[in-house]
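Student: To be precise about what I am sending: the file is called target_2.pdb and holds PDB, C-alpha atoms.
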ATOM      1  CA  MET W 921       3.235  18.177 -33.608  1.00  0.00           C
ATOM      2  CA  ALA W 922       6.935  17.892 -32.911  1.00  0.00           C
ATOM      3  CA  ALA W 923       8.428  14.589 -31.884  1.00  0.00           C
ATOM      4  CA  THR W 924       9.221  14.361 -28.182  1.00  0.00           C
ATOM      5  CA  ARG W 925      12.612  13.048 -27.193  1.00  0.00           C
ATOM      6  CA  VAL W 926      12.412  10.478 -24.417  1.00  0.00           C
ATOM      7  CA  ASP W 927      15.305   9.493 -22.192  1.00  0.00           C
ATOM      8  CA  PRO W 928      16.092   5.801 -22.899  1.00  0.00           C
ATOM      9  CA  LYS W 929      16.581   5.174 -19.145  1.00  0.00           C
ATOM     10  CA  LEU W 930      12.939   6.004 -18.560  1.00  0.00           C
ATOM     11  CA  LEU W 931      11.782   3.663 -21.295  1.00  0.00           C
ATOM     12  CA  ASN W 932      13.694   0.745 -19.799  1.00  0.00           C
ATOM     13  CA  ARG W 933      12.061   1.060 -16.376  1.00  0.00           C
ATOM     14  CA  VAL W 934       9.445  -1.551 -15.674  1.00  0.00           C
ATOM     15  CA  PHE W 935       6.527  -1.001 -13.336  1.00  0.00           C
ATOM     16  CA  ASP W 936       5.118  -4.167 -11.778  1.00  0.00           C
ATOM     17  CA  TRP W 937       1.385  -3.615 -12.250  1.00  0.00           C
ATOM     18  CA  ALA W 938       0.475  -7.120 -11.072  1.00  0.00           C
ATOM     19  CA  LYS W 939       2.308  -6.675  -7.777  1.00  0.00           C
ATOM     20  CA  VAL W 940       0.468  -3.438  -7.026  1.00  0.00           C
ATOM     21  CA  ALA W 941      -2.887  -4.882  -8.137  1.00  0.00           C
ATOM     22  CA  ALA W 942      -2.374  -7.911  -5.876  1.00  0.00           C
ATOM     23  CA  LYS W 943      -2.214  -5.586  -2.856  1.00  0.00           C
ATOM     24  CA  LEU W 944      -5.596  -4.023  -3.683  1.00  0.00           C
ATOM     25  CA  PRO W 945      -8.891  -5.737  -2.836  1.00  0.00           C
ATOM     26  CA  GLU W 946     -10.503  -7.707  -5.661  1.00  0.00           C
ATOM     27  CA  GLY W 947     -13.201  -5.696  -7.468  1.00  0.00           C
ATOM     28  CA  SER W 948     -12.400  -2.453  -5.602  1.00  0.00           C
ATOM     29  CA  LEU W 949     -12.618   0.955  -7.208  1.00  0.00           C
ATOM     30  CA  ALA W 950      -8.901   1.477  -6.621  1.00  0.00           C
ATOM     31  CA  ARG W 951      -8.092  -1.687  -8.573  1.00  0.00           C
ATOM     32  CA  LYS W 952     -10.316  -0.599 -11.478  1.00  0.00           C
ATOM     33  CA  GLU W 953      -8.666   2.829 -11.527  1.00  0.00           C
ATOM     34  CA  LEU W 954      -5.242   1.175 -11.467  1.00  0.00           C
ATOM     35  CA  MET W 955      -6.148  -0.926 -14.506  1.00  0.00           C
ATOM     36  CA  SER W 956      -7.473   2.188 -16.275  1.00  0.00           C
ATOM     37  CA  LEU W 957      -4.193   3.954 -15.501  1.00  0.00           C
ATOM     38  CA  ARG W 958      -2.290   0.963 -16.856  1.00  0.00           C
ATOM     39  CA  VAL W 959      -4.173   1.123 -20.163  1.00  0.00           C
ATOM     40  CA  LYS W 960      -3.465   4.864 -20.489  1.00  0.00           C
ATOM     41  CA  HIS W 961       0.186   4.282 -19.568  1.00  0.00           C
ATOM     42  CA  ASP W 962       0.566   1.563 -22.196  1.00  0.00           C
ATOM     43  CA  GLN W 963      -1.025   3.767 -24.859  1.00  0.00           C
ATOM     44  CA  LEU W 964       1.275   6.716 -24.064  1.00  0.00           C
ATOM     45  CA  ARG W 965       4.333   4.482 -23.894  1.00  0.00           C
ATOM     46  CA  GLU W 966       3.474   3.035 -27.308  1.00  0.00           C
ATOM     47  CA  ARG W 967       3.087   6.541 -28.760  1.00  0.00           C
ATOM     48  CA  LEU W 968       6.412   7.648 -27.303  1.00  0.00           C
ATOM     49  CA  THR W 969       8.343   4.629 -28.527  1.00  0.00           C
ATOM     50  CA  SER W 970       6.860   4.970 -32.010  1.00  0.00           C
ATOM     51  CA  ASN W 971       8.548   8.384 -32.439  1.00  0.00           C
ATOM     52  CA  PRO W 972      12.173   8.269 -33.621  1.00  0.00           C
ATOM     53  CA  GLU W 973      14.785   9.855 -31.375  1.00  0.00           C
ATOM     54  CA  ASN W 974      15.968  12.167 -34.149  1.00  0.00           C
ATOM     55  CA  ALA W 975      13.820  13.679 -36.876  1.00  0.00           C
ATOM     56  CA  ALA W 976      14.375  12.312 -40.369  1.00  0.00           C
ATOM     57  CA  ALA W 977      16.716  14.412 -42.488  1.00  0.00           C
ATOM     58  CA  ILE W 978      15.056  16.438 -45.249  1.00  0.00           C
ATOM     59  CA  ASP W 979      16.121  15.356 -48.742  1.00  0.00           C
ATOM     60  CA  PHE W 980      16.490  18.757 -50.429  1.00  0.00           C
ATOM     61  CA  ASN W 981      17.778  17.123 -53.661  1.00  0.00           C
ATOM     62  CA  HIS W 982      14.382  15.453 -54.061  1.00  0.00           C
ATOM     63  CA  TYR W 983      12.635  18.848 -53.772  1.00  0.00           C
ATOM     64  CA  ARG W 984      15.055  20.431 -56.244  1.00  0.00           C
ATOM     65  CA  LYS W 985      13.852  17.943 -58.837  1.00  0.00           C
ATOM     66  CA  LEU W 986      10.184  18.633 -58.099  1.00  0.00           C
ATOM     67  CA  ILE W 987      10.215  22.438 -57.768  1.00  0.00           C
ATOM     68  CA  ALA W 988      11.101  24.350 -60.918  1.00  0.00           C
ATOM     69  CA  ALA W 989      11.780  27.769 -59.339  1.00  0.00           C
ATOM     70  CA  PRO W 990      15.562  28.286 -59.365  1.00  0.00           C
ATOM     71  CA  GLY W 991      17.140  28.983 -55.990  1.00  0.00           C
ATOM     72  CA  PHE W 992      13.900  28.447 -54.015  1.00  0.00           C
ATOM     73  CA  VAL W 993      14.948  25.079 -52.553  1.00  0.00           C
ATOM     74  CA  ASP W 994      18.507  26.369 -51.967  1.00  0.00           C
ATOM     75  CA  ASN W 995      17.087  29.338 -50.067  1.00  0.00           C
ATOM     76  CA  MET W 996      14.804  27.041 -47.982  1.00  0.00           C
ATOM     77  CA  GLU W 997      17.725  24.700 -47.238  1.00  0.00           C
ATOM     78  CA  LYS W 998      19.920  27.606 -46.169  1.00  0.00           C
ATOM     79  CA  THR W 999      17.151  29.030 -43.924  1.00  0.00           C
ATOM     80  CA  TYR W1000      16.414  25.598 -42.424  1.00  0.00           C
ATOM     81  CA  LYS W1001      20.052  24.914 -41.602  1.00  0.00           C
ATOM     82  CA  SER W1002      20.509  28.392 -40.107  1.00  0.00           C
ATOM     83  CA  LEU W1003      17.569  27.764 -37.733  1.00  0.00           C
ATOM     84  CA  LEU W1004      18.697  24.345 -36.530  1.00  0.00           C
ATOM     85  CA  PRO W1005      21.478  25.438 -34.189  1.00  0.00           C
ATOM     86  CA  LYS W1006      19.283  28.220 -32.780  1.00  0.00           C
ATOM     87  CA  VAL W1007      16.609  25.769 -31.536  1.00  0.00           C
ATOM     88  CA  PRO W1008      18.458  23.496 -29.113  1.00  0.00           C
ATOM     89  CA  TYR W1009      16.771  21.329 -26.557  1.00  0.00           C
ATOM     90  CA  PRO W1010      16.304  23.120 -23.287  1.00  0.00           C
ATOM     91  CA  PRO W1011      18.924  22.294 -20.679  1.00  0.00           C
ATOM     92  CA  ASP W1012      18.056  19.424 -18.363  1.00  0.00           C
ATOM     93  CA  THR W1013      17.802  21.010 -14.924  1.00  0.00           C
ATOM     94  CA  PHE W1014      15.544  18.458 -13.270  1.00  0.00           C
ATOM     95  CA  SER W1015      17.337  15.121 -13.662  1.00  0.00           C
ATOM     96  CA  SER W1016      19.887  15.880 -10.938  1.00  0.00           C
ATOM     97  CA  ASP W1017      17.102  16.974  -8.543  1.00  0.00           C
ATOM     98  CA  ILE W1018      15.082  13.868  -9.302  1.00  0.00           C
ATOM     99  CA  ALA W1019      18.115  11.640  -8.793  1.00  0.00           C
ATOM    100  CA  ALA W1020      18.833  13.327  -5.440  1.00  0.00           C
ATOM    101  CA  GLN W1021      15.210  12.881  -4.347  1.00  0.00           C
ATOM    102  CA  GLU W1022      15.340   9.256  -5.431  1.00  0.00           C
ATOM    103  CA  GLN W1023      18.490   8.643  -3.385  1.00  0.00           C
ATOM    104  CA  GLU W1024      16.909  10.347  -0.355  1.00  0.00           C
ATOM    105  CA  ALA W1025      13.765   8.223  -0.768  1.00  0.00           C
ATOM    106  CA  ASP W1026      15.925   5.087  -1.028  1.00  0.00           C
ATOM    107  CA  LYS W1027      17.603   6.011   2.271  1.00  0.00           C
ATOM    108  CA  GLN W1028      14.207   6.542   3.908  1.00  0.00           C
ATOM    109  CA  PHE W1029      12.944   3.237   2.539  1.00  0.00           C
ATOM    110  CA  ALA W1030      16.034   1.482   3.879  1.00  0.00           C
ATOM    111  CA  THR W1031      15.473   2.892   7.377  1.00  0.00           C
ATOM    112  CA  VAL W1032      11.775   1.992   7.322  1.00  0.00           C
ATOM    113  CA  ILE W1033      12.587  -1.526   6.146  1.00  0.00           C
ATOM    114  CA  SER W1034      15.238  -1.995   8.844  1.00  0.00           C
ATOM    115  CA  GLU W1035      12.820  -0.716  11.519  1.00  0.00           C
ATOM    116  CA  ALA W1036      10.112  -3.051  10.232  1.00  0.00           C
ATOM    117  CA  LYS W1037      12.544  -5.985  10.336  1.00  0.00           C
ATOM    118  CA  ASP W1038      13.491  -5.109  13.930  1.00  0.00           C
ATOM    119  CA  ILE W1039       9.830  -4.972  14.936  1.00  0.00           C
ATOM    120  CA  ALA W1040       9.151  -8.259  13.147  1.00  0.00           C
ATOM    121  CA  GLN W1041      12.081  -9.858  14.968  1.00  0.00           C
ATOM    122  CA  GLU W1042      10.797  -8.620  18.354  1.00  0.00           C
ATOM    123  CA  LEU W1043       7.307  -9.886  17.567  1.00  0.00           C
ATOM    124  CA  GLN W1044       8.696 -13.253  16.497  1.00  0.00           C
ATOM    125  CA  MET W1045      10.582 -13.535  19.787  1.00  0.00           C
ATOM    126  CA  SER W1046       7.392 -12.688  21.706  1.00  0.00           C
ATOM    127  CA  LEU W1047       5.461 -15.262  19.695  1.00  0.00           C
ATOM    128  CA  ASP W1048       8.106 -17.914  20.358  1.00  0.00           C
ATOM    129  CA  GLU W1049       7.878 -17.204  24.096  1.00  0.00           C
ATOM    130  CA  PHE W1050       4.088 -17.339  23.946  1.00  0.00           C
ATOM    131  CA  LEU W1051       4.111 -20.660  22.087  1.00  0.00           C
ATOM    132  CA  LYS W1052       6.377 -22.163  24.766  1.00  0.00           C
ATOM    133  CA  LEU W1053       3.655 -21.601  27.389  1.00  0.00           C
ATOM    134  CA  PRO W1054       1.381 -24.470  28.343  1.00  0.00           C
ATOM    135  CA  PRO W1055      -2.194 -24.202  27.042  1.00  0.00           C
ATOM    136  CA  PHE W1056      -4.350 -21.823  29.073  1.00  0.00           C
ATOM    137  CA  GLU W1057      -6.781 -24.641  29.910  1.00  0.00           C
ATOM    138  CA  HIS W1058      -3.966 -26.471  31.745  1.00  0.00           C
ATOM    139  CA  MET W1059      -2.708 -23.442  33.701  1.00  0.00           C
ATOM    140  CA  THR W1060      -3.680 -22.522  37.221  1.00  0.00           C
ATOM    141  CA  TRP W1061      -4.333 -18.897  38.082  1.00  0.00           C
ATOM    142  CA  ASN W1062      -0.961 -18.691  39.821  1.00  0.00           C
ATOM    143  CA  GLU W1063       0.852 -20.004  36.723  1.00  0.00           C
ATOM    144  CA  PHE W1064      -1.073 -17.575  34.541  1.00  0.00           C
ATOM    145  CA  PHE W1065      -0.135 -14.640  36.783  1.00  0.00           C
ATOM    146  CA  ASP W1066       3.489 -15.802  36.859  1.00  0.00           C
ATOM    147  CA  HIS W1067       3.603 -15.523  33.052  1.00  0.00           C
ATOM    148  CA  PHE W1068       1.444 -12.366  32.831  1.00  0.00           C
ATOM    149  CA  PRO W1069       1.988 -10.324  36.024  1.00  0.00           C
ATOM    150  CA  LYS W1070       0.254  -7.203  34.709  1.00  0.00           C
ATOM    151  CA  TYR W1071      -3.055  -9.083  34.625  1.00  0.00           C
ATOM    152  CA  GLU W1072      -2.752 -10.012  38.293  1.00  0.00           C
ATOM    153  CA  GLU W1073      -2.598  -6.343  39.273  1.00  0.00           C
ATOM    154  CA  ARG W1074      -5.468  -5.531  36.952  1.00  0.00           C
ATOM    155  CA  MET W1075      -7.616  -8.368  38.305  1.00  0.00           C
ATOM    156  CA  ASP W1076      -6.910  -7.363  41.899  1.00  0.00           C
ATOM    157  CA  LYS W1077      -7.916  -3.799  41.092  1.00  0.00           C
ATOM    158  CA  ASP W1078     -11.107  -4.927  39.322  1.00  0.00           C
ATOM    159  CA  LEU W1079     -12.046  -7.207  42.226  1.00  0.00           C
ATOM    160  CA  GLN W1080     -11.539  -4.403  44.747  1.00  0.00           C
ATOM    161  CA  GLU W1081     -13.684  -1.985  42.738  1.00  0.00           C
ATOM    162  CA  TYR W1082     -16.474  -4.440  41.953  1.00  0.00           C
ATOM    163  CA  ASN W1083     -19.597  -4.408  44.147  1.00  0.00           C
ATOM    164  CA  PHE W1084     -20.532  -8.024  44.804  1.00  0.00           C
ATOM    165  CA  ASP W1085     -23.927  -7.069  46.292  1.00  0.00           C
ATOM    166  CA  ASN W1086     -25.097  -6.253  42.761  1.00  0.00           C
ATOM    167  CA  LEU W1087     -23.946  -9.681  41.602  1.00  0.00           C
ATOM    168  CA  GLN W1088     -25.998 -11.397  44.325  1.00  0.00           C
ATOM    169  CA  ARG W1089     -29.094  -9.319  43.485  1.00  0.00           C
ATOM    170  CA  MET W1090     -28.766 -10.210  39.816  1.00  0.00           C
ATOM    171  CA  HIS W1091     -28.381 -13.859  40.739  1.00  0.00           C
ATOM    172  CA  ASP W1092     -31.562 -13.741  42.842  1.00  0.00           C
ATOM    173  CA  ILE W1093     -33.491 -11.982  40.077  1.00  0.00           C
ATOM    174  CA  VAL W1094     -32.396 -14.468  37.426  1.00  0.00           C
ATOM    175  CA  HIS W1095     -33.112 -17.482  39.602  1.00  0.00           C
ATOM    176  CA  GLY W1096     -36.375 -15.982  40.866  1.00  0.00           C
ATOM    177  CA  LYS W1097     -37.582 -15.543  37.314  1.00  0.00           C
ATOM    178  CA  MET W1098     -36.380 -19.004  36.458  1.00  0.00           C
ATOM    179  CA  GLU W1099     -38.434 -20.408  39.370  1.00  0.00           C
ATOM    180  CA  GLU W1100     -41.528 -18.425  38.271  1.00  0.00           C
ATOM    181  CA  ARG W1101     -41.193 -19.776  34.718  1.00  0.00           C
ATOM    182  CA  SER W1102     -40.722 -23.346  35.930  1.00  0.00           C
ATOM    183  CA  VAL W1103     -43.841 -23.022  38.149  1.00  0.00           C
ATOM    184  CA  ALA W1104     -45.894 -21.699  35.189  1.00  0.00           C
ATOM    185  CA  VAL W1105     -44.687 -24.560  32.978  1.00  0.00           C
ATOM    186  CA  SER W1106     -45.443 -27.208  35.617  1.00  0.00           C
ATOM    187  CA  ASP W1107     -48.951 -25.720  36.201  1.00  0.00           C
ATOM    188  CA  ALA W1108     -49.632 -25.868  32.458  1.00  0.00           C
ATOM    189  CA  GLU W1109     -48.514 -29.504  32.330  1.00  0.00           C
ATOM    190  CA  LYS W1110     -50.805 -30.420  35.280  1.00  0.00           C
ATOM    191  CA  GLN W1111     -53.830 -28.903  33.539  1.00  0.00           C
ATOM    192  CA  LYS W1112     -53.353 -31.184  30.524  1.00  0.00           C
TER
END
Turn this file's structure into structure tokens for me.
Tutor:
Amino acid sequence: MAATRVDPKLLNRVFDWAKVAAKLPEGSLARKELMSLRVKHDQLRERLTSNPENAAAIDFNHYRKLIAAPGFVDNMEKTYKSLLPKVPYPPDTFSSDIAAQEQEADKQFATVISEAKDIAQELQMSLDEFLKLPPFEHMTWNEFFDHFPKYEERMDKDLQEYNFDNLQRMHDIVHGKMEERSVAVSDAEKQK
């Protein structure tokens, strides 16, 4: 198997596994799969870093001493050296595309982050206004509707649509049953 050349920039990148794992629920399948991926990543990274960037040079003088056939090692050395220039690394056509995609993603991330900060700032302002209000227990209905006018309209609409006859019937039923139960309990106590 031929040694794979790895770009040193890629080897120097650090992925924060702990930060990603902290965002996943404890004991979840996703967290277990992340840890499995981390183990595989570490194994592959170790294999890649163990390979030298350039293959070791062949010591043809050593083989000349070991092999007795005259000219055999010279012929092999000549053939080997003639093949070397003909097997170059393929041209790198993807790095520029990847770098462009990375820059585009960075721009998108920057816009999303700025939008999120704007939303957070608006929410903080709303929270500050809300915290300035007196407690709801100390407010009258008029004060509440002054602070939250949309609820006044909604409550007026609900009150207009609600049929209060049903409320009275339910009240009579509940209290009628309560009276029947209290009569049954008092009769039972009298019998004792």
Student: Can you tell me which residues surround region 1063-1077 of chain W at a distance of at most 10 Å, considering only C-alpha atoms, apart from same-chain residues fewer than 5 positions away, and format the answer as an NGL selection string?
Tutor: :W and (1050 or 1053-1054 or 1056 or 1058 or 1082)
Student: Pick the closest to Tyr1009 (chain W) from W:Asn974, W:Gln1023, W:Gln1028, W:Gln1041: which is it, counting only C-alpha atoms?
Tutor: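 Smallest separation from Tyr1009 (chain W) among the options: W:Asn974.
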Student: What does the distance between CA of Ile978 (chain W) and CA of Gln963 (chain W) come to in Å, to one decimal place?
Tutor: 28.9 Å
Student: Neighbouring residues of Asp962 (chain W) were defined as those with any atom within 12 Å, considering only C-alpha atoms; residues of the same chain fewer than 5 positions away were excluded. Please report them as a ChimeraX atom specification.
Tutor: /W:931,934-935,937,955-957,967-969
Student: Please, what distance in Å, to one decimal, runs between CA of Ala977 (chain W) and CA of Asp1012 (chain W)?
Tutor: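 Between CA of Ala977 (chain W) and CA of Asp1012 (chain W) the gap is 24.7 Å.
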Student: In Å, rounded to a single decimal, give me how far CA of Tyr983 (chain W) is from CA of Glu997 (chain W).
Tutor: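 Computed distance, CA of Glu997 (chain W) to CA of Tyr983 (chain W), equals 10.1 Å.
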Student: Leaving out Asp936 (chain W) and any residue of its chain fewer than 4 positions from it, which residues lie within 12 Å of it when counting all atoms listed in the file, given as a list in words?
Tutor: Val940, Ala941, Ala942, Lys943, Leu954 and Arg958 of chain W
